[in-house]
Structures are given as C-alpha cells and as structure tokens.
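Pasted below: data-v5.cif, mmCIF, C-alpha atoms.
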data_target
#
loop_
_atom_site.group_PDB
_atom_site.id
_atom_site.type_symbol
_atom_site.label_atom_id
_atom_site.label_comp_id
_atom_site.auth_asym_id
_atom_site.auth_seq_id
_atom_site.Cartn_x
_atom_site.Cartn_y
_atom_site.Cartn_z
ATOM 1 C CA MET A 1310 -5.775 5.081 13.966
ATOM 2 C CA LEU A 1311 -3.961 3.900 17.074
ATOM 3 C CA ARG A 1312 -2.284 6.829 18.777
ATOM 4 C CA LYS A 1313 1.009 7.097 20.615
ATOM 5 C CA THR A 1314 1.291 6.929 24.379
ATOM 6 C CA ALA A 1315 1.678 9.978 26.583
ATOM 7 C CA LEU A 1316 5.429 9.286 26.788
ATOM 8 C CA THR A 1317 5.869 10.855 23.353
ATOM 9 C CA LEU A 1318 3.596 13.861 23.818
ATOM 10 C CA THR A 1319 6.451 16.171 24.725
ATOM 11 C CA LEU A 1320 7.978 15.633 21.287
ATOM 12 C CA ALA A 1321 4.827 16.894 19.619
ATOM 13 C CA ALA A 1322 5.146 20.177 21.479
ATOM 14 C CA LEU A 1323 8.616 20.890 20.073
ATOM 15 C CA PRO A 1324 8.578 23.667 17.452
ATOM 16 C CA THR A 1325 9.458 22.803 13.870
ATOM 17 C CA LEU A 1326 10.604 25.094 11.136
ATOM 18 C CA ALA A 1327 8.737 24.640 7.875
ATOM 19 C CA LEU A 1328 11.064 24.888 4.907
ATOM 20 C CA ALA A 1329 9.896 26.121 1.527
ATOM 21 C CA ALA A 1330 9.742 23.535 -1.216
ATOM 22 C CA PRO A 1331 12.445 23.899 -3.905
ATOM 23 C CA ASP A 1332 11.620 26.092 -6.902
ATOM 24 C CA GLY A 1333 9.977 23.918 -9.513
ATOM 25 C CA TRP A 1334 8.668 21.414 -6.995
ATOM 26 C CA LYS A 1335 5.287 19.833 -7.796
ATOM 27 C CA PRO A 1336 3.459 16.607 -6.932
ATOM 28 C CA LEU A 1337 4.313 14.910 -10.238
ATOM 29 C CA LEU A 1338 7.866 15.250 -11.519
ATOM 30 C CA SER A 1339 9.339 14.019 -14.779
ATOM 31 C CA PRO A 1340 12.810 12.422 -14.694
ATOM 32 C CA ALA A 1341 14.283 15.574 -16.272
ATOM 33 C CA GLU A 1342 12.640 17.795 -13.639
ATOM 34 C CA LEU A 1343 13.867 15.662 -10.751
ATOM 35 C CA SER A 1344 17.351 15.511 -12.257
ATOM 36 C CA ALA A 1345 17.448 19.302 -12.533
ATOM 37 C CA LEU A 1346 16.503 19.685 -8.870
ATOM 38 C CA ILE A 1347 19.203 17.230 -7.810
ATOM 39 C CA GLU A 1348 21.863 18.854 -10.001
ATOM 40 C CA ARG A 1349 20.964 22.238 -8.530
ATOM 41 C CA GLY A 1350 21.910 20.858 -5.128
ATOM 42 C CA ASP A 1351 18.477 20.734 -3.533
ATOM 43 C CA ASP A 1352 18.264 18.362 -0.569
ATOM 44 C CA ILE A 1353 15.741 15.777 -1.775
ATOM 45 C CA HIS A 1354 14.968 12.427 -0.202
ATOM 46 C CA ILE A 1355 14.255 9.658 -2.741
ATOM 47 C CA ILE A 1356 12.431 6.516 -1.646
ATOM 48 C CA ARG A 1357 12.038 3.537 -3.980
ATOM 49 C CA VAL A 1358 9.106 1.249 -3.118
ATOM 50 C CA THR A 1359 8.941 -1.446 -5.856
ATOM 51 C CA GLY A 1360 11.295 -3.315 -8.174
ATOM 52 C CA ASP A 1361 14.813 -4.694 -7.842
ATOM 53 C CA PHE A 1362 16.552 -1.864 -6.001
ATOM 54 C CA ALA A 1363 19.986 -3.494 -5.913
ATOM 55 C CA ALA A 1364 19.955 -4.034 -9.687
ATOM 56 C CA GLY A 1365 19.557 -0.319 -10.325
ATOM 57 C CA HIS A 1366 18.298 2.814 -8.595
ATOM 58 C CA ILE A 1367 18.633 6.581 -8.566
ATOM 59 C CA PRO A 1368 21.850 7.576 -6.765
ATOM 60 C CA GLY A 1369 21.107 8.587 -3.192
ATOM 61 C CA ALA A 1370 17.828 6.697 -3.054
ATOM 62 C CA VAL A 1371 16.831 4.297 -0.297
ATOM 63 C CA PHE A 1372 14.546 1.270 -0.510
ATOM 64 C CA SER A 1373 11.342 0.895 1.463
ATOM 65 C CA PRO A 1374 9.383 -2.116 0.157
ATOM 66 C CA TYR A 1375 5.729 -1.470 -0.515
ATOM 67 C CA GLU A 1376 4.821 -4.383 1.746
ATOM 68 C CA SER A 1377 6.063 -2.317 4.698
ATOM 69 C CA TRP A 1378 3.219 0.141 4.065
ATOM 70 C CA ARG A 1379 0.497 -2.489 3.665
ATOM 71 C CA ALA A 1380 -1.500 -4.619 6.087
ATOM 72 C CA GLY A 1381 -2.011 -8.389 6.128
ATOM 73 C CA PRO A 1382 -3.507 -10.733 3.532
ATOM 74 C CA THR A 1383 -7.116 -10.409 4.733
ATOM 75 C CA ASN A 1384 -7.097 -6.795 3.584
ATOM 76 C CA PRO A 1385 -3.767 -5.303 2.492
ATOM 77 C CA GLY A 1386 -5.472 -1.910 2.222
ATOM 78 C CA ALA A 1387 -6.269 -1.600 5.914
ATOM 79 C CA VAL A 1388 -4.662 1.372 7.637
ATOM 80 C CA LEU A 1389 -1.866 0.308 9.978
ATOM 81 C CA PRO A 1390 -1.332 1.672 13.487
ATOM 82 C CA GLU A 1391 0.456 5.014 13.333
ATOM 83 C CA LEU A 1392 3.529 3.705 15.151
ATOM 84 C CA GLU A 1393 4.108 1.018 12.508
ATOM 85 C CA TYR A 1394 4.177 3.643 9.773
ATOM 86 C CA GLU A 1395 6.404 5.858 11.885
ATOM 87 C CA SER A 1396 8.873 3.030 12.468
ATOM 88 C CA GLU A 1397 9.342 2.454 8.720
ATOM 89 C CA ALA A 1398 9.531 6.195 8.028
ATOM 90 C CA VAL A 1399 12.234 6.588 10.679
ATOM 91 C CA ARG A 1400 14.161 3.595 9.300
ATOM 92 C CA VAL A 1401 14.399 5.108 5.819
ATOM 93 C CA GLY A 1402 15.197 8.643 6.983
ATOM 94 C CA VAL A 1403 11.911 10.476 6.435
ATOM 95 C CA THR A 1404 11.492 13.935 7.936
ATOM 96 C CA ALA A 1405 8.426 16.164 7.848
ATOM 97 C CA GLU A 1406 10.195 19.073 6.150
ATOM 98 C CA ARG A 1407 12.554 17.407 3.678
ATOM 99 C CA PRO A 1408 11.103 17.187 0.147
ATOM 100 C CA THR A 1409 10.525 13.524 -0.651
ATOM 101 C CA VAL A 1410 10.046 11.734 -3.978
ATOM 102 C CA ILE A 1411 8.393 8.324 -4.032
ATOM 103 C CA VAL A 1412 9.614 6.141 -6.900
ATOM 104 C CA HIS A 1413 8.081 2.944 -8.261
ATOM 105 C CA ASP A 1414 9.838 0.592 -10.661
ATOM 106 C CA GLY A 1415 7.865 1.837 -13.658
ATOM 107 C CA ALA A 1416 6.589 -1.498 -14.925
ATOM 108 C CA SER A 1417 2.971 -0.336 -15.331
ATOM 109 C CA PRO A 1418 0.346 2.139 -14.141
ATOM 110 C CA THR A 1419 -0.696 -0.451 -11.546
ATOM 111 C CA ASP A 1420 2.906 -0.439 -10.272
ATOM 112 C CA MET A 1421 2.624 3.318 -9.799
ATOM 113 C CA GLY A 1422 -0.283 2.649 -7.438
ATOM 114 C CA ALA A 1423 2.264 1.551 -4.849
ATOM 115 C CA ALA A 1424 4.003 4.917 -4.994
ATOM 116 C CA ALA A 1425 0.677 6.763 -4.857
ATOM 117 C CA ARG A 1426 -0.424 4.813 -1.795
ATOM 118 C CA VAL A 1427 2.864 5.510 0.019
ATOM 119 C CA TYR A 1428 2.562 9.203 -0.989
ATOM 120 C CA TRP A 1429 -0.944 9.311 0.517
ATOM 121 C CA THR A 1430 0.295 7.629 3.701
ATOM 122 C CA LEU A 1431 3.249 9.971 4.187
ATOM 123 C CA LYS A 1432 1.080 13.015 3.539
ATOM 124 C CA SER A 1433 -1.374 11.767 6.151
ATOM 125 C CA LEU A 1434 1.554 11.282 8.562
ATOM 126 C CA GLY A 1435 2.648 14.916 8.207
ATOM 127 C CA VAL A 1436 5.301 15.012 5.458
ATOM 128 C CA GLU A 1437 4.894 18.408 3.801
ATOM 129 C CA ASP A 1438 6.440 18.248 0.323
ATOM 130 C CA LEU A 1439 5.936 15.045 -1.632
ATOM 131 C CA ALA A 1440 6.157 14.039 -5.266
ATOM 132 C CA LEU A 1441 5.857 11.011 -7.517
ATOM 133 C CA LEU A 1442 8.305 10.327 -10.336
ATOM 134 C CA ASN A 1443 6.269 9.948 -13.526
ATOM 135 C CA GLY A 1444 7.277 6.694 -15.205
ATOM 136 C CA GLY A 1445 9.285 5.575 -12.193
ATOM 137 C CA TYR A 1446 12.837 4.247 -12.242
ATOM 138 C CA GLN A 1447 12.492 2.759 -15.716
ATOM 139 C CA ALA A 1448 11.691 6.185 -17.178
ATOM 140 C CA TRP A 1449 14.688 7.633 -15.302
ATOM 141 C CA ALA A 1450 17.043 4.987 -16.698
ATOM 142 C CA LYS A 1451 15.573 5.261 -20.198
ATOM 143 C CA ALA A 1452 16.322 8.989 -20.139
ATOM 144 C CA GLY A 1453 20.016 8.151 -19.711
ATOM 145 C CA LEU A 1454 20.226 9.686 -16.233
ATOM 146 C CA PRO A 1455 22.741 8.441 -13.640
ATOM 147 C CA THR A 1456 22.039 5.133 -11.893
ATOM 148 C CA ALA A 1457 23.643 3.145 -9.114
ATOM 149 C CA THR A 1458 23.585 -0.500 -8.057
ATOM 150 C CA GLY A 1459 23.865 -2.419 -4.816
ATOM 151 C CA GLU A 1460 22.172 -2.246 -1.447
ATOM 152 C CA VAL A 1461 21.941 0.992 0.545
ATOM 153 C CA THR A 1462 21.725 1.270 4.318
ATOM 154 C CA PRO A 1463 19.452 4.227 5.137
ATOM 155 C CA THR A 1464 20.287 6.757 7.811
ATOM 156 C CA GLU A 1465 17.555 6.837 10.422
ATOM 157 C CA SER A 1466 15.688 10.034 11.207
ATOM 158 C CA ASP A 1467 13.871 11.341 14.273
ATOM 159 C CA PHE A 1468 10.579 11.644 12.377
ATOM 160 C CA TYR A 1469 7.518 12.056 14.572
ATOM 161 C CA ALA A 1470 4.277 11.109 12.835
ATOM 162 C CA GLU A 1471 1.079 13.056 13.448
ATOM 163 C CA TRP A 1472 -1.707 11.368 11.506
ATOM 164 C CA ARG A 1473 -4.417 13.523 9.909
ATOM 165 C CA ASP A 1474 -7.708 12.166 8.598
ATOM 166 C CA ASP A 1475 -8.082 14.950 6.009
ATOM 167 C CA TRP A 1476 -7.556 12.553 3.065
ATOM 168 C CA TYR A 1477 -9.007 9.396 4.621
ATOM 169 C CA ILE A 1478 -12.549 8.122 5.085
ATOM 170 C CA PRO A 1479 -13.602 5.082 7.151
ATOM 171 C CA THR A 1480 -16.293 2.540 6.336
ATOM 172 C CA SER A 1481 -18.783 4.088 8.762
ATOM 173 C CA GLU A 1482 -18.672 7.421 6.941
ATOM 174 C CA VAL A 1483 -18.859 5.790 3.515
ATOM 175 C CA THR A 1484 -21.982 3.951 4.641
ATOM 176 C CA ALA A 1485 -23.537 7.224 5.802
ATOM 177 C CA LEU A 1486 -22.715 8.897 2.480
ATOM 178 C CA VAL A 1487 -24.336 6.035 0.566
ATOM 179 C CA GLU A 1488 -27.521 6.665 2.548
ATOM 180 C CA SER A 1489 -27.435 10.457 2.135
ATOM 181 C CA GLY A 1490 -26.306 10.488 -1.504
ATOM 182 C CA GLU A 1491 -24.129 13.522 -0.725
ATOM 183 C CA ALA A 1492 -20.870 12.228 -2.185
ATOM 184 C CA LYS A 1493 -19.270 11.300 -5.462
ATOM 185 C CA LEU A 1494 -18.296 7.665 -4.974
ATOM 186 C CA LEU A 1495 -15.719 6.653 -7.573
ATOM 187 C CA ASP A 1496 -14.932 3.020 -8.271
ATOM 188 C CA SER A 1497 -11.359 3.084 -9.596
ATOM 189 C CA ARG A 1498 -11.345 -0.522 -10.775
ATOM 190 C CA PRO A 1499 -11.514 -1.878 -14.325
ATOM 191 C CA GLU A 1500 -15.023 -2.110 -15.754
ATOM 192 C CA GLY A 1501 -15.461 -5.842 -15.085
ATOM 193 C CA PHE A 1502 -15.128 -5.288 -11.340
ATOM 194 C CA PHE A 1503 -17.578 -2.397 -11.425
ATOM 195 C CA GLN A 1504 -20.065 -4.474 -13.416
ATOM 196 C CA GLY A 1505 -19.829 -7.382 -10.988
ATOM 197 C CA ILE A 1506 -18.474 -9.892 -13.487
ATOM 198 C CA ALA A 1507 -14.953 -9.921 -12.020
ATOM 199 C CA TRP A 1508 -13.802 -9.975 -8.408
ATOM 200 C CA SER A 1509 -10.857 -10.897 -6.237
ATOM 201 C CA ILE A 1510 -10.742 -10.204 -2.510
ATOM 202 C CA ALA A 1511 -14.266 -8.765 -2.240
ATOM 203 C CA ARG A 1512 -17.801 -9.776 -3.194
ATOM 204 C CA PRO A 1513 -18.681 -8.908 -6.807
ATOM 205 C CA GLY A 1514 -20.439 -5.616 -7.415
ATOM 206 C CA THR A 1515 -19.827 -2.026 -6.391
ATOM 207 C CA ILE A 1516 -20.901 0.411 -3.682
ATOM 208 C CA ARG A 1517 -24.436 1.646 -4.236
ATOM 209 C CA GLY A 1518 -24.558 4.904 -6.155
ATOM 210 C CA ALA A 1519 -20.919 4.667 -7.274
ATOM 211 C CA GLU A 1520 -19.655 5.719 -10.682
ATOM 212 C CA ASN A 1521 -16.841 4.007 -12.546
ATOM 213 C CA LEU A 1522 -13.763 6.165 -13.128
ATOM 214 C CA GLN A 1523 -11.044 3.683 -13.965
ATOM 215 C CA PHE A 1524 -7.540 4.531 -12.781
ATOM 216 C CA SER A 1525 -6.318 3.954 -16.335
ATOM 217 C CA ALA A 1526 -8.177 7.116 -17.402
ATOM 218 C CA PHE A 1527 -5.344 9.114 -15.841
ATOM 219 C CA PHE A 1528 -2.615 7.494 -17.953
ATOM 220 C CA GLU A 1529 -1.489 8.096 -21.524
ATOM 221 C CA ASP A 1530 1.321 6.011 -23.041
ATOM 222 C CA GLY A 1531 2.094 4.575 -19.620
ATOM 223 C CA LEU A 1532 2.602 7.980 -17.962
ATOM 224 C CA MET A 1533 0.272 9.854 -15.656
ATOM 225 C CA VAL A 1534 -1.449 12.791 -17.320
ATOM 226 C CA SER A 1535 -0.736 16.473 -16.674
ATOM 227 C CA PRO A 1536 -2.658 18.486 -14.067
ATOM 228 C CA GLU A 1537 -4.520 20.193 -16.914
ATOM 229 C CA ARG A 1538 -5.696 16.863 -18.319
ATOM 230 C CA ALA A 1539 -6.585 15.609 -14.831
ATOM 231 C CA ARG A 1540 -8.781 18.671 -14.363
ATOM 232 C CA GLU A 1541 -10.500 17.981 -17.686
ATOM 233 C CA ILE A 1542 -11.281 14.422 -16.586
ATOM 234 C CA ALA A 1543 -12.554 15.669 -13.229
ATOM 235 C CA GLN A 1544 -14.786 18.217 -14.941
ATOM 236 C CA ALA A 1545 -16.210 15.581 -17.282
ATOM 237 C CA GLN A 1546 -17.039 13.485 -14.204
ATOM 238 C CA GLY A 1547 -18.773 16.468 -12.555
ATOM 239 C CA LEU A 1548 -16.473 16.567 -9.541
ATOM 240 C CA GLN A 1549 -15.862 20.309 -9.145
ATOM 241 C CA ASP A 1550 -18.949 20.951 -7.040
ATOM 242 C CA ALA A 1551 -19.067 17.655 -5.159
ATOM 243 C CA PRO A 1552 -19.087 18.211 -1.369
ATOM 244 C CA ILE A 1553 -16.873 15.140 -0.996
ATOM 245 C CA THR A 1554 -15.258 12.738 -3.463
ATOM 246 C CA VAL A 1555 -14.423 9.188 -2.356
ATOM 247 C CA SER A 1556 -12.020 6.979 -4.314
ATOM 248 C CA PHE A 1557 -12.158 3.235 -3.706
ATOM 249 C CA CYS A 1558 -11.165 -0.077 -5.327
ATOM 250 C CA ASN A 1559 -10.524 -3.516 -3.820
ATOM 251 C CA THR A 1560 -7.800 -2.678 -1.279
ATOM 252 C CA GLY A 1561 -6.977 1.007 -1.807
ATOM 253 C CA HIS A 1562 -4.191 0.488 -4.369
ATOM 254 C CA TRP A 1563 -5.755 1.513 -7.696
ATOM 255 C CA ALA A 1564 -7.875 3.996 -5.749
ATOM 256 C CA ALA A 1565 -4.700 5.731 -4.562
ATOM 257 C CA LEU A 1566 -3.981 6.622 -8.209
ATOM 258 C CA ASN A 1567 -7.389 8.257 -8.615
ATOM 259 C CA TRP A 1568 -6.976 10.010 -5.273
ATOM 260 C CA PHE A 1569 -3.581 11.377 -6.332
ATOM 261 C CA ALA A 1570 -4.794 12.513 -9.759
ATOM 262 C CA LEU A 1571 -7.875 14.225 -8.341
ATOM 263 C CA SER A 1572 -6.513 15.608 -5.067
ATOM 264 C CA GLU A 1573 -2.941 16.492 -5.981
ATOM 265 C CA LEU A 1574 -3.112 17.187 -9.735
ATOM 266 C CA ALA A 1575 -6.684 18.337 -10.420
ATOM 267 C CA GLU A 1576 -6.896 19.857 -6.908
ATOM 268 C CA ILE A 1577 -10.481 18.730 -6.319
ATOM 269 C CA PRO A 1578 -11.294 19.780 -2.732
ATOM 270 C CA ASN A 1579 -12.178 17.175 -0.103
ATOM 271 C CA THR A 1580 -11.043 14.154 -2.078
ATOM 272 C CA ARG A 1581 -10.732 11.137 0.201
ATOM 273 C CA LEU A 1582 -9.232 7.678 -0.129
ATOM 274 C CA TYR A 1583 -11.306 4.802 1.192
ATOM 275 C CA ALA A 1584 -8.211 2.816 2.054
ATOM 276 C CA GLU A 1585 -9.941 -0.409 3.101
ATOM 277 C CA SER A 1586 -12.236 -0.249 0.053
ATOM 278 C CA MET A 1587 -14.416 -3.148 -1.112
ATOM 279 C CA ALA A 1588 -12.467 -5.745 0.885
ATOM 280 C CA GLU A 1589 -13.859 -4.255 4.090
ATOM 281 C CA TYR A 1590 -17.114 -2.797 2.784
ATOM 282 C CA THR A 1591 -18.431 -6.122 1.525
ATOM 283 C CA ILE A 1592 -17.692 -8.186 4.641
ATOM 284 C CA HIS A 1593 -20.239 -6.090 6.560
ATOM 285 C CA GLY A 1594 -23.024 -7.236 4.269
ATOM 286 C CA HIS A 1595 -23.858 -3.845 2.782
ATOM 287 C CA PRO A 1596 -26.084 -4.097 -0.317
ATOM 288 C CA LEU A 1597 -24.275 -3.491 -3.597
ATOM 289 C CA ASP A 1598 -25.034 -2.308 -7.085
ATOM 290 C CA ASN A 1599 -24.314 -4.747 -9.935
ATOM 291 C CA GLU A 1600 -24.159 -7.701 -7.548
ATOM 292 C CA PRO A 1601 -24.982 -10.904 -9.431
ATOM 293 C CA GLY A 1602 -27.768 -13.160 -8.199
ATOM 294 C CA ARG A 1603 -26.914 -16.519 -6.665
ATOM 295 C CA ALA A 1604 -27.309 -18.518 -9.903
ATOM 296 C CA GLU A 1605 -25.378 -15.954 -11.942
ATOM 297 C CA TYR A 1606 -22.663 -15.817 -9.285
ATOM 298 C CA MET A 1607 -22.248 -19.600 -9.351
ATOM 299 C CA TRP A 1608 -21.962 -19.548 -13.145
ATOM 300 C CA LEU A 1609 -19.424 -16.709 -13.101
ATOM 301 C CA ALA A 1610 -17.475 -18.388 -10.293
ATOM 302 C CA THR A 1611 -17.290 -21.622 -12.259
ATOM 303 C CA LYS A 1612 -16.044 -19.797 -15.365
ATOM 304 C CA LYS A 1613 -13.474 -17.964 -13.257
ATOM 305 C CA TRP A 1614 -12.280 -21.231 -11.684
ATOM 306 C CA VAL A 1615 -11.931 -22.936 -15.074
ATOM 307 C CA ALA A 1616 -10.065 -19.936 -16.540
ATOM 308 C CA GLU A 1617 -7.603 -19.951 -13.618
ATOM 309 C CA ILE A 1618 -6.881 -23.663 -14.135
ATOM 310 C CA PHE A 1619 -6.401 -23.510 -17.903
#

Would you encode the structure as structure tokens?
Amino acid sequence: MLRKTALTLTLAALPTLALAAPDGWKPLLSPAELSALIERGDDIHIIRVTGDFAAGHIPGAVFSPYESWRAGPTNPGAVLPELEYESEAVRVGVTAERPTVIVHDGASPTDMGAAARVYWTLKSLGVEDLALLNGGYQAWAKAGLPTATGEVTPTESDFYAEWRDDWYIPTSEVTALVESGEAKLLDSRPEGFFQGIAWSIARPGTIRGAENLQFSAFFEDGLMVSPERAREIAQAQGLQDAPITVSFCNTGHWAALNWFALSELAEIPNTRLYAESMAEYTIHGHPLDNEPGRAEYMWLATKKWVAEIF
C-alpha cells in the first residue's frame, strides 16, 4: 500500500474512543434485524454500493458506487493506494467507530460480492463494526420495510485510514506458500474456471495446490448461510487447523464472499483475501494446475469465441 505523507502523521497520534457495537450487532444482518436496530435509535451508517440508488434505497443510506473501490480494467481487483480509499470513505461519511452496514442491490450472490469486497476494504482501513445486509436492498423492500427515493448528498467525515494487512496477502507471499505447501488455497470460482475450461481476465487453470470451494456454496435460496452452516462448510473443507487460508478468484470479487463467510461468519483464523487473484498471478508466468496444453487451449478458445458471437 502507498502510505500517507508525514504531514498527516499528527492526526494518527490523536486518541480515539472506541464505542461498543449496538446490542444484536453481527457481521451478517437480516432486514428485520437491521430494521430493529434502526427503530431502536442506534446510530448506524448505511452505504449502498450497487443498483439504482435513486429508484429506491433504505432511508438514511448514502451511495458509494462499487467502481470507486475498484482499480482499472487491467485488474479491477488490485488494491488502490490508501489515500484513494480514504477519499471515498470521507466523501460518504465513514468513521472508524460508527457501525456501518454495506448494502448491495440484491440481484444475485455475485452482486453481494461487491458488498463483501467493500466490507473487507473498510475493515482493512480501520472501521471497527461492519455488517452486510443479507439479501441486500431487494430483500429489505420485499420485507415491506420503509424505502426512500431520490439522490442523497452525503455528509463528509474526518475519517483517517490506517491500513492493516491482517486480511490481505500479496502475490509474493502466495507464491511462497505454493512452494511450501503450508496454506489452504481456495479457488472461489465456478468449477469451469478451476478446471481450466473457462477463463476471462486470467490464463486458464488454477494456482498449484488449490482446492475449489465455490462461493455459491455459502448461499441457500439466494441468501448467505448462517454462521453455523459456514462453520460446517469450513470443517468439511478441513480449514480449522490450517495455518493460513487464502481465498482467490479472478479479481478478488467472488473471493471476497468466501473470505467473508470464512473469516467473519465461520471465524476461521488467519483467513486472507488475495485481492489481485488470478489476474495478477498468471501474468508473472507462474505454473498452474489444470492449465490446458496449447492445442487444447486453441480449441477451447475457438469454442469460446464462437459461443460469444452466437
């Protein structure tokens, strides 16, 4: 990460008062649970990251488009300089101590990946109490809870970001773990990507020694599973005793869902997100598992090209 200049160091030395999370707060909230917290008068910051905000949103929410938390087209999953994250967080009123709920539109589990990635980013920046809304805005509206329309101008905050690498792992460390075999490497992508018969931004195949734990495993009827179910899935994957668990995909979007389910719900220690994922790993020429040979690749590429045309 790129760090701030010395001009801002004095701010870091200022004391902050950590506030206790509201009673009933947890990383994954249902619409009814969030509504109860709001009705009780708890001061909760709600940030919507996908969907048509003006057409309908939770009253009091602000909009921070997912694109503001992503990098450029070469690899959207790349981690941005800390100051760029801080600028967006300040714009939408984030503070380190105020409980914050990240809300996606609710169109699909993949859509929830945006909220999970923003959650991971804000946690890494120092926000203490975070939650995702299970089912997103659509689940909130379907439950008959209050909604509002129109644009909202956020009130800026004085948020000061202090990035921590506790939940992040760079390519250099992933490469070392591949060599040592001391990690659980989890490919969060659908099976075709893992098997090397589908690809998008990265070369086909998967990181050597990786196992496939598809992000969809953590969803039932379009909603993310309970912490108890997440722990069952983690146990079946043999993650409890892993010294480190690394979640990756193409650009750290689907992988953010696995990271959230394992780190925040199942509470598997030392779970990391490989944010840059296969898009960065493959450009360095690292050998892969399930990588098709040249002839097979050409055949698969031709089929893919034809399918995209027709």

Proximity check region 1342-1450 of chain A to region 1572-1587 of chain A, 8 Å, nearest pairs one decimal Å, all atoms listed in the file, as CSV:
residue,atom,partner,partner_atom,distance
A:Asn1384,CA,A:Glu1585,CA,7.0
A:Pro1385,CA,A:Glu1585,CA,7.9
A:Gly1386,CA,A:Glu1585,CA,4.8
A:Ala1387,CA,A:Glu1585,CA,4.8
A:Val1388,CA,A:Ala1584,CA,6.8

Which residues, named as in the file, does the PyMOL selection byres ((chain A and resi 1335) around 12) pick out? Answer as a ChimeraX atom specification. /A:1330-1334,1336-1339,1342-1343,1346,1408-1410,1437-1443,1535-1536,1573-1574

Hey, what comes out of the PyMOL selection byres ((chain A and resi 1415) around 10) on this file? Could you write it as a list in words? Thr1359, Gly1360, Val1412, His1413, Asp1414, Ala1416, Ser1417, Pro1418, Thr1419, Asp1420, Met1421, Ala1424, Leu1442, Asn1443, Gly1444, Gly1445, Tyr1446, Gln1447, Ala1448, Trp1449, Gly1531 and Leu1532 of chain A

Selection result of the PyMOL selection byres ((chain A and resi 1501) around 12) on this file, as a ChimeraX atom specification: /A:1496-1500,1502-1509,1513-1515,1521,1523,1599-1600,1609

re CA of Ala1511 (chain A) and CA of Tyr1590 (chain A): distance 8.3 Å

Near Phe1372 (chain A), within 9 Å and counting all atoms listed in the file, which residues show up once chain neighbours fewer than 2 positions away are dropped, as a PDB file with C-alpha atoms, keeping the file's coordinate frame?
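Written file, result_9.pdb:
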ATOM      1  CA  ILE A1355      14.255   9.658  -2.741  1.00  0.00           C
ATOM      2  CA  ILE A1356      12.431   6.516  -1.646  1.00  0.00           C
ATOM      3  CA  ARG A1357      12.038   3.537  -3.980  1.00  0.00           C
ATOM      4  CA  VAL A1358       9.106   1.249  -3.118  1.00  0.00           C
ATOM      5  CA  THR A1359       8.941  -1.446  -5.856  1.00  0.00           C
ATOM      6  CA  PHE A1362      16.552  -1.864  -6.001  1.00  0.00           C
ATOM      7  CA  ALA A1370      17.828   6.697  -3.054  1.00  0.00           C
ATOM      8  CA  PRO A1374       9.383  -2.116   0.157  1.00  0.00           C
ATOM      9  CA  VAL A1401      14.399   5.108   5.819  1.00  0.00           C
ATOM     10  CA  GLU A1460      22.172  -2.246  -1.447  1.00  0.00           C
ATOM     11  CA  VAL A1461      21.941   0.992   0.545  1.00  0.00           C
ATOM     12  CA  THR A1462      21.725   1.270   4.318  1.00  0.00           C
ATOM     13  CA  PRO A1463      19.452   4.227   5.137  1.00  0.00           C
TER      14      PRO A1463
END

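Remark: for Val1403 (chain A), the closest of the candidate residues A:His1366, A:Lys1451, A:His1354, A:Arg1512 is A:His1354 (distances computed over all atoms listed in the file).
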
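Comparing the minimum interatomic distances between Glu1491 (chain A) and each of A:Leu1434, A:Ala1564, A:Ala1363, A:Val1555, counting all atoms listed in the file, we find that A:Val1555 sits nearest.
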
Counting all atoms listed in the file, figure out which residue out of A:Pro1455, A:Arg1426, A:Gly1435, A:Asp1352 gets nearest to Pro1340 (chain A). A:Pro1455

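Comparing A:Leu1566, A:Met1533, A:Ala1485, A:Leu1389 by their smallest distance to Trp1472 (chain A), the closest is A:Leu1389 (using all atoms listed in the file).
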
Please determine, counting all atoms listed in the file, which residue among A:Thr1404, A:Ser1525, A:Thr1456, A:Ser1481 has the shortest atom-to-atom distance to Tyr1469 (chain A). A:Thr1404
